[in-house]
Amino acid sequence: MKFVNTAVLAYCFAAQAIAAPPAKPAAPPRPPASLAIPAVVAPGAPAVLVPGAAPPATTTPTPDVDENAALPPPSSAAQKVYSAAKGDLLQIRMLLKNGRSQSTVGSGFMVGTSNLVLTNYHVVSQMAIDPDVYVGEYIDTDGKSGPVELLAVDVLHDLAVVRINRNGSGFFNIPEKLVKLTQGQYLYSLGNPLDLGFAISEGSYNGIISRSFYDQLMFTGPINSGMSGGPSVTVGGDVAGVNVSKRRDGELISFLVPVRYAQELLKKVQAQAGKPKDFNPLIGEQLLAHQRAMIDRLLDSPLSLKTMGPYQVPVRESEQVRCWGRSNVKAEATFNADTMACAMESAIFVSDSQQTGHVSMTHQYVRSAILDPVRFAVLASTLFKTDNLGSAKDTRLTGPMCTEKFVKTRSLPLRAVTCVRAYRKFAGLYNFTLLTASTDDARATLQSRLDVSGVSYENGLRTTRAFLEALSRGNNK
């Protein structure tokens, strides 16, 4: 039985039918490196070319307009910050060992007067997961370069600490006492956008984002690809956060990792005896810790029930999970289909080919007053394609192990298929997919799907069981 990458799983049913769910505004959340997630992009990602805007309408300039006037200069505060900070600002590159060709680029910054550098995990993820294939290199604002040595990673908050062969000047201050930010306060984000050169971006702090599983700061200002891992500082040089991502579907909506997570990671570096020989077990431990918290939060109370026709379907709407719906009721079709899709707005970046720690659920209620029972059965079977879950080959996962049974909840008979895949590099982690189709009506069917990625086997069973048991039929037939 074929299987598909979990980033696609949540919408396989809907893609088969006329009533597809609407595109999510952001999922998951931190899509770094070379991922191409529609709504959010990490600034370490390759540039995404946007079609050029239409040329302005031809107008006659007024006499007091100087067409050759220079662009407004940056503020004096921004100029002072960049002038003082540039010596401790770095570009971080991942290179293929064979040929030393550039694979990904991001940014980083020196911590105080030490030889330690803070950056994003997704900037150095290739070196962390495949050290036999990739190595790291830094380049400073003077063009000097050298190797980087990976010391620690925090996958859940997208941070990493590397060591280089020079020391900082002490400009970037990570204070013991957290910087107190106020709404609208100016911040200055630094990095190397689009591999074009070092730059500073002026913007403002606008609060803490709670839709991500872990806190992020909203930075209203431009953070472009290549600036991942760079610092965002106050006018005095105190680090407020680390550049991590931006929204593609908004204007100047960017996100920072709060500096308190960087403080915690630096303390771990100071306490550890030496750098880990293999980061994969450490990454696995962090992902296991995340899934425990994620599933506990998901199931800390019974799933909410919503009505679709005569059926009751489970959902979980919260700050981290949002639901969207769509119907083809006005379309000229031989059947009607209503679709509800719920998904977490964030996921954990592991590599440019794998995100995890994500939950999504889809329900589709299909019925027809035109098709006879035989033709409707063919339609329902076509929508429920268990042998066509996708052809994507993900070498980081084992092949799917699937079971199919006819079961009955308290009030609803179902056809149920469960598929499980194991992570090859992270022992104890699995992806679960549960597909169900009701079998109680000759001219209507409820088809549901649950996808849970990056969970323990026990938590995968726990989640699929809770989802399955919540499906039911009401009294209205």
# chains A, B, ... in the order shown; residues from 1 in each chain; ligands from 1
>>> residues_around(residues="range 176-184 of chain A", least_positions_apart="5", cutoff="12 Å", atoms="only C-alpha atoms", output="PyMOL selection string")
chain A and resi 202-208+217-221+232-241+258-264+266-267
>>> select_by_dssp(residues="range 161-370 of chain A", states="alpha helix (DSSP H)", output="PyMOL selection string")
chain A and resi 259-271+279-298
>>> closest_residue(among="A:Leu95, A:Val269, A:Ala341, A:Leu252", to="Val162 in chain A", atoms="only C-alpha atoms")
A:Val269
>>> closest_atom_pairs(of="range 334-440 of chain A", to="range 282-291 of chain A", cutoff="7 Å", atoms="only C-alpha atoms", output="Markdown table")
| residue | atom | partner | partner_atom | distance |
| --- | --- | --- | --- | --- |
| A:Gly357 | CA | A:Gln291 | CA | 6.1 |
| A:Phe426 | CA | A:Gly284 | CA | 4.8 |
| A:Ala427 | CA | A:Gly284 | CA | 6.9 |
>>> residues_around(residues="Met361 in chain A", least_positions_apart="5", cutoff="6 Å", atoms="only C-alpha atoms", output="PDB file with all heavy atoms, in the first residue's frame")
ATOM      1  N   ALA A 341     -12.028  20.779   7.574  1.00  0.00           N
ATOM      2  CA  ALA A 341     -10.629  20.405   7.783  1.00  0.00           C
ATOM      3  C   ALA A 341     -10.049  21.199   8.938  1.00  0.00           C
ATOM      4  O   ALA A 341     -10.177  22.423   8.987  1.00  0.00           O
ATOM      5  CB  ALA A 341      -9.810  20.658   6.525  1.00  0.00           C
ATOM      6  N   CYS A 342      -9.437  20.511   9.885  1.00  0.00           N
ATOM      7  CA  CYS A 342      -8.801  21.142  11.040  1.00  0.00           C
ATOM      8  C   CYS A 342      -7.329  20.744  11.059  1.00  0.00           C
ATOM      9  O   CYS A 342      -6.993  19.588  10.803  1.00  0.00           O
ATOM     10  CB  CYS A 342      -9.453  20.694  12.346  1.00  0.00           C
ATOM     11  SG  CYS A 342     -11.231  21.015  12.448  1.00  0.00           S
ATOM     12  N   ARG A 449     -10.672  11.496   8.195  1.00  0.00           N
ATOM     13  CA  ARG A 449      -9.243  11.191   8.162  1.00  0.00           C
ATOM     14  C   ARG A 449      -8.548  11.888   9.319  1.00  0.00           C
ATOM     15  O   ARG A 449      -8.812  13.050   9.617  1.00  0.00           O
ATOM     16  CB  ARG A 449      -8.635  11.654   6.847  1.00  0.00           C
ATOM     17  CG  ARG A 449      -7.150  11.350   6.736  1.00  0.00           C
ATOM     18  CD  ARG A 449      -6.571  11.973   5.478  1.00  0.00           C
ATOM     19  NE  ARG A 449      -5.306  11.341   5.162  1.00  0.00           N
ATOM     20  CZ  ARG A 449      -5.088  10.559   4.118  1.00  0.00           C
ATOM     21  NH1 ARG A 449      -6.060  10.326   3.265  1.00  0.00           N
ATOM     22  NH2 ARG A 449      -3.905  10.033   3.908  1.00  0.00           N
ATOM     23  N   LEU A 450      -7.664  11.170   9.971  1.00  0.00           N
ATOM     24  CA  LEU A 450      -6.831  11.726  11.032  1.00  0.00           C
ATOM     25  C   LEU A 450      -5.380  11.445  10.686  1.00  0.00           C
ATOM     26  O   LEU A 450      -5.021  10.308  10.349  1.00  0.00           O
ATOM     27  CB  LEU A 450      -7.171  11.092  12.379  1.00  0.00           C
ATOM     28  CG  LEU A 450      -6.223  11.432  13.545  1.00  0.00           C
ATOM     29  CD1 LEU A 450      -6.411  12.882  13.978  1.00  0.00           C
ATOM     30  CD2 LEU A 450      -6.458  10.491  14.725  1.00  0.00           C
TER      31      LEU A 450
END
>>> residues_around(residues="Ile200 in chain A", least_positions_apart="3", cutoff="9 Å", atoms="only C-alpha atoms", output="PyMOL selection string")
chain A and resi 78-79+81-82+188-192
>>> write_last_selection(atoms="C-alpha atoms", output="PDB file, in the first residue's frame")
ATOM      1  CA  ALA A  78      19.565  51.987  12.405  1.00  0.00           C
ATOM      2  CA  GLN A  79      22.829  53.291  10.972  1.00  0.00           C
ATOM      3  CA  VAL A  81      23.212  49.876  15.291  1.00  0.00           C
ATOM      4  CA  TYR A  82      24.539  48.388  12.072  1.00  0.00           C
ATOM      5  CA  TYR A 188      16.441  46.137  14.358  1.00  0.00           C
ATOM      6  CA  SER A 189      16.794  42.838  12.520  1.00  0.00           C
ATOM      7  CA  LEU A 190      20.144  41.961  10.942  1.00  0.00           C
ATOM      8  CA  GLY A 191      21.266  39.288   8.517  1.00  0.00           C
ATOM      9  CA  ASN A 192      22.248  38.522   4.956  1.00  0.00           C
TER      10      ASN A 192
END
>>> residues_around(residues="Ser438 in chain A", least_positions_apart="3", cutoff="7 Å", atoms="only C-alpha atoms", output="ChimeraX atom specification")
/A:412-415,445-447
>>> write_last_selection(atoms="all heavy atoms", output="PDB file, in the first residue's frame")
ATOM      1  N   LEU A 412     -22.432   3.933  15.111  1.00  0.00           N
ATOM      2  CA  LEU A 412     -22.089   4.095  13.702  1.00  0.00           C
ATOM      3  C   LEU A 412     -21.195   2.963  13.212  1.00  0.00           C
ATOM      4  O   LEU A 412     -20.084   2.778  13.727  1.00  0.00           O
ATOM      5  CB  LEU A 412     -21.372   5.441  13.505  1.00  0.00           C
ATOM      6  CG  LEU A 412     -21.042   5.839  12.069  1.00  0.00           C
ATOM      7  CD1 LEU A 412     -22.313   5.970  11.232  1.00  0.00           C
ATOM      8  CD2 LEU A 412     -20.270   7.165  12.068  1.00  0.00           C
ATOM      9  N   PRO A 413     -21.640   2.196  12.196  1.00  0.00           N
ATOM     10  CA  PRO A 413     -20.764   1.194  11.583  1.00  0.00           C
ATOM     11  C   PRO A 413     -19.793   1.872  10.606  1.00  0.00           C
ATOM     12  O   PRO A 413     -20.191   2.760   9.853  1.00  0.00           O
ATOM     13  CB  PRO A 413     -21.743   0.276  10.849  1.00  0.00           C
ATOM     14  CG  PRO A 413     -22.917   1.143  10.538  1.00  0.00           C
ATOM     15  CD  PRO A 413     -23.010   2.146  11.656  1.00  0.00           C
ATOM     16  N   LEU A 414     -18.546   1.452  10.633  1.00  0.00           N
ATOM     17  CA  LEU A 414     -17.497   2.109   9.854  1.00  0.00           C
ATOM     18  C   LEU A 414     -16.559   1.104   9.198  1.00  0.00           C
ATOM     19  O   LEU A 414     -16.312   0.023   9.744  1.00  0.00           O
ATOM     20  CB  LEU A 414     -16.650   3.015  10.765  1.00  0.00           C
ATOM     21  CG  LEU A 414     -17.307   4.225  11.413  1.00  0.00           C
ATOM     22  CD1 LEU A 414     -16.416   4.761  12.517  1.00  0.00           C
ATOM     23  CD2 LEU A 414     -17.582   5.309  10.379  1.00  0.00           C
ATOM     24  N   ARG A 415     -16.046   1.482   8.076  1.00  0.00           N
ATOM     25  CA  ARG A 415     -14.876   0.835   7.490  1.00  0.00           C
ATOM     26  C   ARG A 415     -13.678   1.666   7.914  1.00  0.00           C
ATOM     27  O   ARG A 415     -13.658   2.879   7.713  1.00  0.00           O
ATOM     28  CB  ARG A 415     -14.995   0.814   5.969  1.00  0.00           C
ATOM     29  CG  ARG A 415     -13.804   0.207   5.243  1.00  0.00           C
ATOM     30  CD  ARG A 415     -13.972   0.401   3.735  1.00  0.00           C
ATOM     31  NE  ARG A 415     -12.832  -0.115   2.988  1.00  0.00           N
ATOM     32  CZ  ARG A 415     -12.643   0.109   1.689  1.00  0.00           C
ATOM     33  NH1 ARG A 415     -13.526   0.835   1.005  1.00  0.00           N
ATOM     34  NH2 ARG A 415     -11.584  -0.392   1.070  1.00  0.00           N
ATOM     35  N   THR A 445     -22.535   9.103   2.907  1.00  0.00           N
ATOM     36  CA  THR A 445     -21.369   8.556   3.602  1.00  0.00           C
ATOM     37  C   THR A 445     -20.612   9.683   4.282  1.00  0.00           C
ATOM     38  O   THR A 445     -20.524  10.807   3.762  1.00  0.00           O
ATOM     39  CB  THR A 445     -20.434   7.803   2.644  1.00  0.00           C
ATOM     40  OG1 THR A 445     -19.330   7.253   3.386  1.00  0.00           O
ATOM     41  CG2 THR A 445     -19.875   8.706   1.559  1.00  0.00           C
ATOM     42  N   LEU A 446     -20.108   9.388   5.449  1.00  0.00           N
ATOM     43  CA  LEU A 446     -19.192  10.278   6.143  1.00  0.00           C
ATOM     44  C   LEU A 446     -17.808   9.666   6.043  1.00  0.00           C
ATOM     45  O   LEU A 446     -17.582   8.549   6.510  1.00  0.00           O
ATOM     46  CB  LEU A 446     -19.591  10.436   7.610  1.00  0.00           C
ATOM     47  CG  LEU A 446     -18.589  11.215   8.474  1.00  0.00           C
ATOM     48  CD1 LEU A 446     -18.564  12.686   8.087  1.00  0.00           C
ATOM     49  CD2 LEU A 446     -18.893  11.044   9.958  1.00  0.00           C
ATOM     50  N   GLN A 447     -16.894  10.393   5.421  1.00  0.00           N
ATOM     51  CA  GLN A 447     -15.518   9.899   5.288  1.00  0.00           C
ATOM     52  C   GLN A 447     -14.606  10.841   6.069  1.00  0.00           C
ATOM     53  O   GLN A 447     -14.614  12.053   5.852  1.00  0.00           O
ATOM     54  CB  GLN A 447     -15.111   9.814   3.820  1.00  0.00           C
ATOM     55  CG  GLN A 447     -16.009   8.859   3.045  1.00  0.00           C
ATOM     56  CD  GLN A 447     -15.406   8.416   1.722  1.00  0.00           C
ATOM     57  OE1 GLN A 447     -14.377   8.889   1.284  1.00  0.00           O
ATOM     58  NE2 GLN A 447     -16.077   7.458   1.078  1.00  0.00           N
TER      59      GLN A 447
END
>>> select_by_dssp(residues="range 306-399 of chain A", states="strand (DSSP E or B)", output="PyMOL selection string")
chain A and resi 306-308+311-315+321-327+336-344+348-351+354-356+358-367+397
>>> residues_around(residues="Ser360 in chain A", least_positions_apart="5", cutoff="7 Å", atoms="only C-alpha atoms", output="list in words")
Ala10, Cys342, Ala343, Met344, Leu450, Asp451 and Val452 of chain A
>>> atom_distance(atom1="CA of Ala442 in chain A", atom2="CA of Cys402 in chain A")
26.5 Å
>>> closest_residue(among="A:Gly168, A:Ala470, A:Leu96, A:Thr104", to="Ser304 in chain A", atoms="only C-alpha atoms")
A:Ala470
>>> residues_around(residues="Ala369 in chain A", least_positions_apart="2", cutoff="10 Å", atoms="only C-alpha atoms", output="count of residues only")
10
>>> closest_residue(among="A:Arg166, A:Lys408, A:Arg462, A:His157", to="Arg292 in chain A", atoms="only C-alpha atoms")
A:Arg462
>>> closest_atom_pairs(of="range 145-171 of chain A", to="range 120-138 of chain A", cutoff="8 Å", atoms="only C-alpha atoms", output="JSON lines")
{"residue": "A:Ser145", "atom": "CA", "partner": "A:Tyr138", "partner_atom": "CA", "distance": 5.3}
{"residue": "A:Gly146", "atom": "CA", "partner": "A:Tyr138", "partner_atom": "CA", "distance": 5.5}
{"residue": "A:Pro147", "atom": "CA", "partner": "A:Glu137", "partner_atom": "CA", "distance": 4.5}
{"residue": "A:Val148", "atom": "CA", "partner": "A:Gly136", "partner_atom": "CA", "distance": 5.2}
{"residue": "A:Glu149", "atom": "CA", "partner": "A:Gly136", "partner_atom": "CA", "distance": 7.3}
{"residue": "A:Leu150", "atom": "CA", "partner": "A:Ala128", "partner_atom": "CA", "distance": 7.5}
{"residue": "A:Val153", "atom": "CA", "partner": "A:Tyr121", "partner_atom": "CA", "distance": 6.1}
{"residue": "A:Asp154", "atom": "CA", "partner": "A:Tyr121", "partner_atom": "CA", "distance": 6.7}
{"residue": "A:Val155", "atom": "CA", "partner": "A:Tyr121", "partner_atom": "CA", "distance": 6.1}
{"residue": "A:Asp158", "atom": "CA", "partner": "A:Tyr121", "partner_atom": "CA", "distance": 4.7}
{"residue": "A:Leu159", "atom": "CA", "partner": "A:Asn120", "partner_atom": "CA", "distance": 4.2}
{"residue": "A:Ala160", "atom": "CA", "partner": "A:Tyr121", "partner_atom": "CA", "distance": 4.8}
{"residue": "A:Ile164", "atom": "CA", "partner": "A:Tyr138", "partner_atom": "CA", "distance": 7.9}
>>> closest_residue(among="A:Ile370, A:Ala293, A:Leu151, A:Ala85", to="Pro276 in chain A", atoms="only C-alpha atoms")
A:Leu151
